[in-house]
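Text of target20.cif, listed as mmCIF, C-alpha atoms:
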```
data_work
#
loop_
_atom_site.label_atom_id
_atom_site.label_comp_id
_atom_site.auth_asym_id
_atom_site.auth_seq_id
_atom_site.Cartn_x
_atom_site.Cartn_y
_atom_site.Cartn_z
CA MET T 141 122.67 142.22 226.73
CA THR T 142 124.48 138.96 226.05
CA THR T 143 123.94 139.45 222.34
CA VAL T 144 125.59 142.84 222.45
CA THR T 145 128.59 141.41 224.30
CA LEU T 146 129.12 138.69 221.72
CA LEU T 147 128.84 141.21 218.94
CA VAL T 148 131.62 143.30 220.45
CA MET T 149 133.80 140.22 220.97
CA GLY T 150 133.08 139.30 217.40
CA LEU T 151 134.54 142.58 216.27
CA CYS T 152 137.68 141.83 218.26
CA TYR T 153 137.98 138.49 216.59
CA ALA T 154 137.71 140.06 213.17
CA GLN T 155 140.62 142.39 214.02
CA GLY T 156 142.70 139.40 214.98
CA GLN T 157 142.11 137.82 211.60
CA MET T 158 143.45 140.86 209.81
CA ASN T 159 146.72 140.74 211.76
CA ALA T 160 147.26 137.11 210.93
CA GLY T 161 148.10 137.87 207.26
CA ILE T 162 151.70 137.72 205.98
CA PRO T 163 152.99 141.26 206.02
CA VAL T 164 155.76 142.78 204.01
CA PHE T 165 158.89 142.15 205.98
CA VAL T 166 162.23 143.79 205.38
CA ASP T 167 165.00 143.84 207.91
CA ILE T 168 168.56 145.13 208.02
CA GLN T 169 170.99 144.10 210.69
CA LEU T 170 174.59 145.01 211.30
CA GLU T 171 176.46 141.76 210.99
CA SER T 172 180.06 142.76 211.46
CA GLY T 173 182.34 145.73 211.70
CA ALA T 174 181.95 149.09 213.26
CA ILE T 175 182.55 152.19 211.25
CA THR T 176 185.53 154.09 212.43
CA VAL T 177 186.33 157.35 210.79
CA PRO T 178 189.99 158.36 210.65
CA SER T 179 191.18 161.81 211.58
CA PHE T 180 192.46 164.21 208.98
CA SER T 181 195.93 165.44 209.79
CA SER T 182 197.62 166.32 206.50
CA GLY T 183 196.97 168.11 203.26
CA THR T 184 196.91 164.79 201.44
CA ASP T 185 194.21 163.52 203.79
CA LEU T 186 192.13 166.60 203.10
CA THR T 187 192.63 166.62 199.33
CA ASN T 188 192.47 162.92 198.54
CA GLY T 189 190.02 162.03 201.28
CA LEU T 190 190.04 159.17 203.74
CA GLU T 191 187.94 156.03 203.76
CA THR T 192 186.11 154.73 206.76
CA SER T 193 186.30 151.14 207.86
CA VAL T 194 183.87 148.65 206.37
CA VAL T 195 180.63 147.41 207.84
CA ARG T 196 178.67 144.42 206.67
CA PHE T 197 174.92 144.22 206.77
CA LYS T 198 172.55 141.30 206.50
CA ILE T 199 169.19 141.72 204.87
CA LYS T 200 166.07 139.67 205.13
CA ALA T 201 163.20 140.61 202.89
CA ASN T 202 160.16 139.03 201.36
CA LYS T 203 159.80 141.82 198.86
CA ASP T 204 162.09 143.77 196.58
CA TRP T 205 163.92 146.28 198.70
CA LYS T 206 166.15 149.30 198.79
CA VAL T 207 168.61 150.54 201.35
CA ASP T 208 168.72 154.28 201.88
CA THR T 209 171.57 155.87 203.73
CA GLU T 210 171.31 159.25 205.29
CA ILE T 211 174.00 161.53 206.60
CA GLY T 212 172.19 163.05 209.54
CA THR T 213 172.77 166.36 211.21
CA ILE T 214 176.51 166.66 211.71
CA VAL T 215 177.54 168.25 214.98
CA ALA T 216 180.77 170.26 215.02
CA THR T 217 182.75 170.96 218.17
CA PRO T 218 185.63 173.47 218.13
CA ILE T 219 189.13 172.15 218.78
CA PRO T 220 192.33 173.88 219.90
CA ASN T 221 193.90 176.00 217.16
CA GLY T 222 190.70 175.79 215.14
CA PRO T 223 188.10 178.51 214.79
CA SER T 224 185.90 179.09 217.80
CA THR T 225 182.89 179.45 215.56
CA ILE T 226 182.40 176.86 212.87
CA LEU T 227 181.32 178.70 209.75
CA HIS T 228 182.28 176.07 207.18
CA PRO T 229 181.28 172.69 208.62
CA LEU T 230 181.52 169.22 207.18
CA THR T 231 178.37 168.35 205.20
CA TYR T 232 176.94 165.42 203.28
CA SER T 233 178.48 166.85 200.10
CA HIS T 234 181.89 165.81 201.36
CA PHE T 235 180.82 162.15 201.55
CA SER T 236 180.83 159.34 199.02
CA TYR T 237 179.62 155.81 199.56
CA ILE T 238 181.36 152.70 198.31
CA VAL T 239 179.37 149.47 198.17
CA SER T 240 180.39 145.89 197.72
CA PRO T 241 176.99 144.46 196.73
CA ASN T 242 177.94 140.88 197.43
CA HIS T 243 180.39 141.42 200.24
CA ASN T 244 183.28 140.00 198.23
CA ASN T 245 185.65 142.95 198.32
CA ASN T 246 184.63 143.96 194.82
CA TYR T 247 183.59 147.52 195.43
CA ASN T 248 181.68 149.75 193.10
CA PRO T 249 183.26 153.13 192.35
CA PRO T 250 182.61 155.81 194.97
CA VAL T 251 179.36 157.69 194.50
CA ALA T 252 179.01 161.17 195.92
CA PHE T 253 176.07 162.01 198.12
CA SER T 254 173.96 164.32 195.97
CA SER T 255 171.62 164.91 198.90
CA PRO T 256 171.65 163.94 202.57
CA LEU T 257 169.68 160.78 201.80
CA VAL T 258 170.48 158.48 198.90
CA THR T 259 169.65 154.94 197.88
CA VAL T 260 172.87 152.97 198.10
CA LEU T 261 171.64 149.53 197.10
CA THR T 262 168.56 147.81 195.76
CA GLY T 263 167.73 144.15 195.54
CA THR T 264 165.10 141.55 194.95
CA ARG T 265 163.52 139.55 197.70
CA THR T 266 166.13 137.24 198.95
CA GLY T 267 164.55 134.34 200.71
CA PHE T 268 167.85 134.06 202.49
CA ASP T 269 170.30 136.35 204.17
CA LYS T 270 171.61 138.84 201.67
CA ARG T 271 174.87 140.42 202.70
CA PHE T 272 176.56 143.56 201.48
CA SER T 273 179.37 145.79 202.63
CA ILE T 274 179.60 149.54 202.67
CA LYS T 275 182.18 152.11 203.52
CA PHE T 276 182.41 155.82 203.07
CA LYS T 277 184.95 158.26 201.78
CA ILE T 278 185.17 161.73 203.27
CA THR T 279 186.94 164.44 201.30
CA PRO T 280 186.78 167.74 203.16
CA GLY T 281 189.34 169.63 201.09
CA PHE T 282 190.61 172.89 202.51
CA SER T 283 187.22 174.56 202.73
CA VAL T 284 185.97 172.80 205.86
CA ASP T 285 186.75 174.24 209.26
CA PRO T 286 188.98 172.18 211.53
CA ALA T 287 186.83 170.75 214.30
CA ALA T 288 185.67 167.52 215.90
CA TYR T 289 182.67 166.23 214.01
CA THR T 290 180.01 163.76 215.07
CA ILE T 291 178.28 162.18 212.11
CA PRO T 292 175.03 160.23 212.39
CA ILE T 293 174.62 157.70 209.60
CA ILE T 294 171.19 156.15 209.27
CA TYR T 295 170.45 153.10 207.15
CA THR T 296 166.85 152.38 206.23
CA ILE T 297 165.61 149.36 204.36
CA SER T 298 162.17 149.52 202.87
CA PRO T 299 160.21 147.89 200.04
CA ASP T 300 161.26 149.14 196.65
CA MET Y 257 124.24 143.08 238.43
CA LYS Y 258 126.02 139.93 237.33
CA LYS Y 259 125.10 140.56 233.73
CA GLY Y 260 126.38 144.09 234.11
CA ARG Y 261 129.77 142.81 235.35
CA THR Y 262 129.98 140.38 232.45
CA TYR Y 263 129.26 143.16 230.02
CA LEU Y 264 131.93 145.44 231.48
CA LEU Y 265 134.45 142.58 231.52
CA SER Y 266 133.74 141.84 227.90
CA ILE Y 267 134.22 145.46 226.88
CA GLY Y 268 137.44 145.55 228.91
CA LEU Y 269 138.76 142.45 227.14
CA CYS Y 270 137.84 143.94 223.84
CA ILE Y 271 139.70 147.18 224.55
CA TRP Y 272 142.73 145.19 225.71
CA ALA Y 273 142.62 143.07 222.60
CA LEU Y 274 142.37 146.10 220.33
CA SER Y 275 145.20 147.78 222.19
CA GLY Y 276 147.38 144.72 221.86
CA ALA Y 277 146.64 144.48 218.18
CA ALA Y 278 147.68 148.12 217.71
CA GLN Y 279 150.99 147.53 219.46
CA GLY Y 280 151.58 144.42 217.40
CA ASN Y 281 151.10 146.44 214.24
CA ARG Y 282 154.54 148.04 214.48
CA ARG Y 283 155.83 148.90 211.04
CA ILE Y 284 157.77 145.89 209.90
CA ASP Y 285 158.06 146.97 206.30
CA GLN Y 286 160.86 149.33 207.21
CA THR Y 287 163.89 148.82 209.41
CA ILE Y 288 166.39 151.39 210.49
CA TYR Y 289 169.91 150.96 211.74
CA SER Y 290 171.76 154.03 212.85
CA ASN Y 291 174.85 155.02 214.71
CA GLN Y 292 177.05 158.01 215.48
CA TYR Y 293 180.59 158.33 214.26
CA SER Y 294 183.30 160.82 215.05
CA THR Y 295 186.21 162.30 213.21
CA THR Y 296 188.53 165.22 213.69
CA ILE Y 297 189.82 167.58 211.05
CA ASP Y 298 193.04 169.15 212.26
CA PRO Y 299 194.12 172.67 211.32
CA THR Y 300 196.26 172.20 208.23
CA LEU Y 301 198.35 174.87 206.53
CA ILE Y 302 200.64 174.20 203.59
CA LEU Y 303 202.96 176.69 201.96
CA SER Y 304 204.69 175.65 198.80
CA THR Y 305 206.93 177.45 196.36
CA SER Y 306 207.79 176.92 192.74
CA SER Y 307 210.73 179.29 192.58
CA SER Y 308 213.28 180.87 194.87
CA LEU Y 309 214.31 184.37 195.78
CA SER Y 310 217.50 185.65 194.30
CA LEU Y 311 219.01 188.97 195.23
CA PRO Y 312 221.10 191.00 192.85
CA SER Y 313 224.42 192.63 193.58
CA PHE Y 314 224.78 196.37 193.80
CA THR Y 315 227.19 197.87 191.33
CA ASN Y 316 226.48 201.59 191.07
CA ALA Y 317 225.21 204.61 192.94
CA SER Y 318 221.77 204.52 191.37
CA GLU Y 319 221.21 201.01 192.64
CA LEU Y 320 222.29 202.03 196.12
CA GLU Y 321 219.96 205.00 196.16
CA ASN Y 322 216.94 203.54 194.41
CA GLY Y 323 217.39 199.97 195.55
CA LEU Y 324 217.17 196.69 193.69
CA GLU Y 325 214.37 194.18 193.62
CA SER Y 326 214.74 190.50 194.15
CA SER Y 327 213.30 188.00 191.77
CA PRO Y 328 209.72 187.10 192.69
CA ILE Y 329 209.01 183.91 194.56
CA ASN Y 330 205.85 182.04 193.60
CA LEU Y 331 203.89 181.01 196.67
CA VAL Y 332 200.89 178.74 197.01
CA VAL Y 333 198.82 178.44 200.17
CA GLN Y 334 196.50 175.57 200.99
CA SER Y 335 194.88 176.06 204.34
CA ASN Y 336 191.68 175.12 206.11
CA VAL Y 337 191.92 178.15 208.39
CA ASN Y 338 192.23 181.81 207.55
CA TRP Y 339 195.96 182.41 207.30
CA LYS Y 340 198.73 184.93 207.45
CA LEU Y 341 202.18 184.81 205.95
CA THR Y 342 204.95 186.30 208.01
CA THR Y 343 208.22 187.18 206.35
CA GLU Y 344 211.26 187.49 208.53
CA ILE Y 345 214.65 188.91 207.72
CA GLY Y 346 216.92 186.59 209.67
CA VAL Y 347 220.30 187.36 211.11
CA VAL Y 348 222.28 188.93 208.27
CA THR Y 349 225.84 187.72 208.10
CA PHE Y 350 228.60 189.27 206.06
CA ILE Y 351 232.04 188.57 204.76
CA PRO Y 352 234.32 191.49 204.02
CA ASN Y 353 235.41 191.81 200.44
CA GLY Y 354 238.14 193.83 198.77
CA ASP Y 355 236.13 197.04 199.05
CA SER Y 356 235.10 196.59 202.68
CA PRO Y 357 236.41 198.64 205.56
CA SER Y 358 238.57 196.79 208.01
CA LEU Y 359 235.66 196.63 210.40
CA ILE Y 360 232.01 196.34 209.35
CA ASN Y 361 230.25 198.77 211.66
CA SER Y 362 227.19 199.49 209.54
CA PRO Y 363 225.97 196.25 208.03
CA LEU Y 364 222.84 195.64 206.06
CA THR Y 365 219.82 195.24 208.36
CA PHE Y 366 216.12 194.55 208.07
CA ALA Y 367 215.57 198.29 207.90
CA ASN Y 368 216.99 198.27 204.38
CA PHE Y 369 214.32 195.84 203.18
CA LYS Y 370 210.84 196.28 201.80
CA PHE Y 371 208.40 193.70 200.53
CA ALA Y 372 205.59 193.58 198.00
CA THR Y 373 203.09 190.92 197.03
CA THR Y 374 200.62 190.44 194.24
CA SER Y 375 197.10 191.14 195.43
CA ALA Y 376 195.49 188.06 193.96
CA ASN Y 377 196.47 185.47 191.44
CA ASP Y 378 198.02 187.99 189.08
CA LEU Y 379 201.29 189.68 188.37
CA VAL Y 380 200.45 193.17 189.59
CA PHE Y 381 202.53 193.90 192.65
CA GLY Y 382 201.28 196.25 195.29
CA PRO Y 383 203.49 199.00 196.72
CA PHE Y 384 206.58 198.08 198.69
CA THR Y 385 206.15 198.09 202.44
CA PRO Y 386 209.19 198.58 204.68
CA PHE Y 387 210.35 196.35 207.51
CA ASP Y 388 211.31 199.52 209.32
CA ILE Y 389 210.01 198.68 212.77
CA ASN Y 390 210.68 194.99 213.03
CA PHE Y 391 212.66 192.22 211.42
CA GLN Y 392 209.46 190.44 210.53
CA ALA Y 393 206.20 191.54 209.01
CA VAL Y 394 202.88 190.03 208.04
CA THR Y 395 203.26 190.17 204.30
CA LYS Y 396 199.98 188.61 203.26
CA THR Y 397 196.71 187.34 204.70
CA GLY Y 398 194.09 185.12 203.14
CA THR Y 399 191.05 182.97 203.64
CA LEU Y 400 190.76 179.24 203.99
CA GLY Y 401 190.74 177.16 200.87
CA ASN Y 402 192.93 175.52 198.32
CA GLU Y 403 195.24 177.11 195.77
CA PHE Y 404 192.31 178.13 193.57
CA VAL Y 405 190.84 180.46 196.16
CA SER Y 406 191.56 184.04 195.17
CA GLY Y 407 194.68 185.29 196.88
CA ASN Y 408 196.04 181.86 197.78
CA THR Y 409 198.43 181.82 194.84
CA PHE Y 410 200.61 184.88 194.70
CA LYS Y 411 204.11 186.22 194.40
CA LEU Y 412 206.39 187.93 196.84
CA LYS Y 413 209.47 189.96 196.19
CA LEU Y 414 211.81 192.05 198.26
CA LYS Y 415 213.50 195.32 197.61
CA ILE Y 416 216.81 196.27 199.20
CA THR Y 417 217.84 199.88 199.43
CA PRO Y 418 221.19 200.11 201.23
CA GLY Y 419 221.85 203.77 200.49
CA TYR Y 420 225.29 205.05 201.36
CA GLU Y 421 225.20 204.07 205.04
CA VAL Y 422 225.76 200.35 204.57
CA ASP Y 423 229.30 199.08 204.48
CA PRO Y 424 230.40 197.27 201.33
CA ALA Y 425 230.64 193.54 201.96
CA ASN Y 426 229.23 190.23 200.82
CA TYR Y 427 225.99 189.69 202.71
CA THR Y 428 224.02 186.54 203.33
CA ILE Y 429 220.41 187.17 204.20
CA PRO Y 430 218.12 184.42 205.53
CA ILE Y 431 214.54 184.99 204.46
CA ILE Y 432 212.09 183.01 206.58
CA LEU Y 433 208.49 182.63 205.47
CA THR Y 434 206.05 181.39 208.08
CA LEU Y 435 202.45 180.46 207.37
CA SER Y 436 200.13 180.37 210.37
CA GLY Y 437 196.50 180.79 211.29
CA GLN Y 438 195.08 184.22 211.85
#
```
Hey, can you dump this file as structure tokens for me?
Amino acid sequence: MTTVTLLVMGLCYAQGQMNAGIPVFVDIQLESGAITVPSFSSGTDLTNGLETSVVRFKIKANKDWKVDTEIGTIVATPIPNGPSTILHPLTYSHFSYIVSPNHNNNYNPPVAFSSPLVTVLTGTRTGFDKRFSIKFKITPGFSVDPAAYTIPIIYTISPD
Amino acid sequence: MKKGRTYLLSIGLCIWALSGAAQGNRRIDQTIYSNQYSTTIDPTLILSTSSSLSLPSFTNASELENGLESSPINLVVQSNVNWKLTTEIGVVTFIPNGDSPSLINSPLTFANFKFATTSANDLVFGPFTPFDINFQAVTKTGTLGNEFVSGNTFKLKLKITPGYEVDPANYTIPIILTLSGQ
């Protein structure tokens, strides 16, 4: 009976050895800023679009990485003087992302979201804290219903 | 009995250890940061023109009977709601001229006006519609969108038919165009 017990404990020990290896580690943390999205109140706002505020992220990774950004399911709430039923809501296609890869205020040109989830930045393993900034531009035009919109934005870092 | 307890304890420790290892195996090769943001898009309606209405003077009987048309005004709507354009004949004022009676008792009114618009972005005007029941009328409706949406760029013109019941005078006619949501 004692032999059986040791055998089982031995299996547990083997499991512990497997977890002790160095795993792939990638991490993204918001370092500063909070995205605020302005309201659209004029034809110029609608036609030319408005930019959000900037957020800065810090990345730690021991492997080459990519940051995907997803415009989640946008929730529309009717507002006074707007339609009671939202037939033409804001979608990802009205968004562009603008990245400063090195957080130095040198921004790449805006890139339109071609799908709800896009890769906004890639990089090699850093060994130190890699920082980048991102902001968004929303251009609804005149084809989006007036409403209050809640927009989830999800950033995912994963090995490239 | 003692051996039995030891055996059960060992199995229990093993299960605990395996459980702990599973919890410690959270996926660290992927990290997610997410948040919710809010914005508001206000109802926005813009009416712009690239010309102005001009009204001709009446000089003969045929013009009085058959009426005269104004020049067309080019209108462009940009709106993020379905819209309507209301045209109002404002308070008509007049100044007697050399041919006027001493007292203007029968001035020009909204009832002498008709309007017509192009159906879509073309030059074909629809039939004239009278303002015969009110001084204002919905002259055009359209759907949300910019100036390239069909029907959002169009022309409007007025037709005035004074007939023989309107006193001769110089008339000033305010034309008020109002764009609003449907």
I would like the residues chosen by the PyMOL selection byres ((chain T and resi 282-298) around 7) on the shown file; could you give them as an mmCIF file with C-alpha atoms, in the coordinates of the input?
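Result saved to selection.cif:
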```
data_model
loop_
_atom_site.group_PDB
_atom_site.id
_atom_site.type_symbol
_atom_site.label_atom_id
_atom_site.label_comp_id
_atom_site.auth_asym_id
_atom_site.auth_seq_id
_atom_site.Cartn_x
_atom_site.Cartn_y
_atom_site.Cartn_z
ATOM 1 C CA VAL T 166 162.230 143.790 205.380
ATOM 2 C CA ASP T 167 165.000 143.840 207.910
ATOM 3 C CA ILE T 168 168.560 145.130 208.020
ATOM 4 C CA LEU T 186 192.130 166.600 203.100
ATOM 5 C CA TRP T 205 163.920 146.280 198.700
ATOM 6 C CA LYS T 206 166.150 149.300 198.790
ATOM 7 C CA VAL T 207 168.610 150.540 201.350
ATOM 8 C CA ASP T 208 168.720 154.280 201.880
ATOM 9 C CA THR T 209 171.570 155.870 203.730
ATOM 10 C CA GLU T 210 171.310 159.250 205.290
ATOM 11 C CA ILE T 211 174.000 161.530 206.600
ATOM 12 C CA GLY T 212 172.190 163.050 209.540
ATOM 13 C CA THR T 213 172.770 166.360 211.210
ATOM 14 C CA ILE T 214 176.510 166.660 211.710
ATOM 15 C CA VAL T 215 177.540 168.250 214.980
ATOM 16 C CA ALA T 216 180.770 170.260 215.020
ATOM 17 C CA THR T 217 182.750 170.960 218.170
ATOM 18 C CA PRO T 218 185.630 173.470 218.130
ATOM 19 C CA ILE T 219 189.130 172.150 218.780
ATOM 20 C CA GLY T 222 190.700 175.790 215.140
ATOM 21 C CA ILE T 226 182.400 176.860 212.870
ATOM 22 C CA HIS T 228 182.280 176.070 207.180
ATOM 23 C CA PRO T 229 181.280 172.690 208.620
ATOM 24 C CA LEU T 230 181.520 169.220 207.180
ATOM 25 C CA PRO T 280 186.780 167.740 203.160
ATOM 26 C CA GLY T 281 189.340 169.630 201.090
ATOM 27 C CA PRO T 299 160.210 147.890 200.040
ATOM 28 C CA ASP T 300 161.260 149.140 196.650
ATOM 29 C CA ASP Y 285 158.060 146.970 206.300
ATOM 30 C CA GLN Y 286 160.860 149.330 207.210
ATOM 31 C CA THR Y 287 163.890 148.820 209.410
ATOM 32 C CA ILE Y 288 166.390 151.390 210.490
ATOM 33 C CA TYR Y 289 169.910 150.960 211.740
ATOM 34 C CA SER Y 290 171.760 154.030 212.850
ATOM 35 C CA ASN Y 291 174.850 155.020 214.710
ATOM 36 C CA GLN Y 292 177.050 158.010 215.480
ATOM 37 C CA TYR Y 293 180.590 158.330 214.260
ATOM 38 C CA SER Y 294 183.300 160.820 215.050
ATOM 39 C CA THR Y 295 186.210 162.300 213.210
ATOM 40 C CA THR Y 296 188.530 165.220 213.690
ATOM 41 C CA ILE Y 297 189.820 167.580 211.050
ATOM 42 C CA ASP Y 298 193.040 169.150 212.260
ATOM 43 C CA PRO Y 299 194.120 172.670 211.320
ATOM 44 C CA GLN Y 334 196.500 175.570 200.990
ATOM 45 C CA SER Y 335 194.880 176.060 204.340
ATOM 46 C CA ASN Y 336 191.680 175.120 206.110
ATOM 47 C CA VAL Y 337 191.920 178.150 208.390
ATOM 48 C CA LEU Y 400 190.760 179.240 203.990
ATOM 49 C CA GLY Y 401 190.740 177.160 200.870
ATOM 50 C CA ASN Y 402 192.930 175.520 198.320
#
```
- Note on the structure: Nearest to Phe350 in chain Y, restricted to all atoms listed in the file and choosing among Y:Thr385, Y:Asn408, Y:Thr300, Y:Thr428, comes out as Y:Thr428
- Message: Set the distance at 8 Å and use all atoms listed in the file: which residues neighbour range 410-425 of chain Y once local chain neighbours fewer than 3 positions away are removed? I'd like the list as a PyMOL selection string.
- Response: chain Y and resi 309+319-332+350-353+355-357+360-364+368-379+384+407
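For the residues Y:Val405, Y:Leu311, Y:Leu359, Y:Ala367, ranking by smallest atom-to-atom distance to chain T using all atoms listed in the file places Y:Val405 first.
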- Hey, what's within 6 Å of Lys340 in chain Y if we count only C-alpha atoms and toss same-chain stuff fewer than 2 positions away? As a PyMOL selection string, please? chain Y and resi 396-397+435-436+438
- Test item: which residues lie within 8 Å of (181.0, 164.7, 202.3) counting only C-alpha atoms, as a PyMOL selection string: chain T and resi 230-236+252-253+277-280
Can you spit out the residues from that selection as a PDB file, in the frame of the given file, using C-alpha atoms?
```pdb
ATOM      1  CA  LEU T 230     181.520 169.220 207.180  1.00  0.00           C
ATOM      2  CA  THR T 231     178.370 168.350 205.200  1.00  0.00           C
ATOM      3  CA  TYR T 232     176.940 165.420 203.280  1.00  0.00           C
ATOM      4  CA  SER T 233     178.480 166.850 200.100  1.00  0.00           C
ATOM      5  CA  HIS T 234     181.890 165.810 201.360  1.00  0.00           C
ATOM      6  CA  PHE T 235     180.820 162.150 201.550  1.00  0.00           C
ATOM      7  CA  SER T 236     180.830 159.340 199.020  1.00  0.00           C
ATOM      8  CA  ALA T 252     179.010 161.170 195.920  1.00  0.00           C
ATOM      9  CA  PHE T 253     176.070 162.010 198.120  1.00  0.00           C
ATOM     10  CA  LYS T 277     184.950 158.260 201.780  1.00  0.00           C
ATOM     11  CA  ILE T 278     185.170 161.730 203.270  1.00  0.00           C
ATOM     12  CA  THR T 279     186.940 164.440 201.300  1.00  0.00           C
ATOM     13  CA  PRO T 280     186.780 167.740 203.160  1.00  0.00           C
TER      14      PRO T 280
END
```
- Item | Separation of CA of Thr225 in chain T from CA of Trp339 in chain Y in Å |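 These atoms are spaced 15.7 Å apart.
Of the residues listed (T:Pro220, T:Gly183, T:Asn245, T:Arg196), T:Arg196 shows the shortest atom-to-atom separation from Ile274 in chain T; distances use all atoms listed in the file.
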- Query: So how many Å separate CA of Ile238 in chain T and CA of Glu403 in chain Y, to one decimal?
  - Reply: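 It comes out at 28.2 Å.
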- Between CA of Ser306 in chain Y and CA of Pro430 in chain Y, what is the spacing in Å? 18.1 Å
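Checking Y:Ala317, Y:Val347, Y:Ile431, Y:Ile302 one by one against Ala393 in chain Y, counting all atoms listed in the file, you find the shortest gap at Y:Ile431.
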- Message: Residues within 9 Å of (170.9, 140.1, 198.6), file coordinates, counting only C-alpha atoms: what are they? Give the list as a ChimeraX atom specification.
- Response: /T:198-201,241-242,262-272
What would the file look like if the residues just selected were written as a compact mmCIF listing (two decimals), keeping the file's coordinate frame with C-alpha atoms?
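Listed below is the output, selection-v3.txt:
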```txt
# COMPACT_ATOMS: atom_id res chain seq x y z
CA LYS T 198 172.55 141.30 206.50
CA ILE T 199 169.19 141.72 204.87
CA LYS T 200 166.07 139.67 205.13
CA ALA T 201 163.20 140.61 202.89
CA PRO T 241 176.99 144.46 196.73
CA ASN T 242 177.94 140.88 197.43
CA THR T 262 168.56 147.81 195.76
CA GLY T 263 167.73 144.15 195.54
CA THR T 264 165.10 141.55 194.95
CA ARG T 265 163.52 139.55 197.70
CA THR T 266 166.13 137.24 198.95
CA GLY T 267 164.55 134.34 200.71
CA PHE T 268 167.85 134.06 202.49
CA ASP T 269 170.30 136.35 204.17
CA LYS T 270 171.61 138.84 201.67
CA ARG T 271 174.87 140.42 202.70
CA PHE T 272 176.56 143.56 201.48
```
- Item | Distance criterion (only C-alpha atoms): nearest to chain Y out of T:Ser179, T:Ser193, T:Ser255, T:Asn188 |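 Among the listed residues, T:Ser179 lies closest to chain Y.
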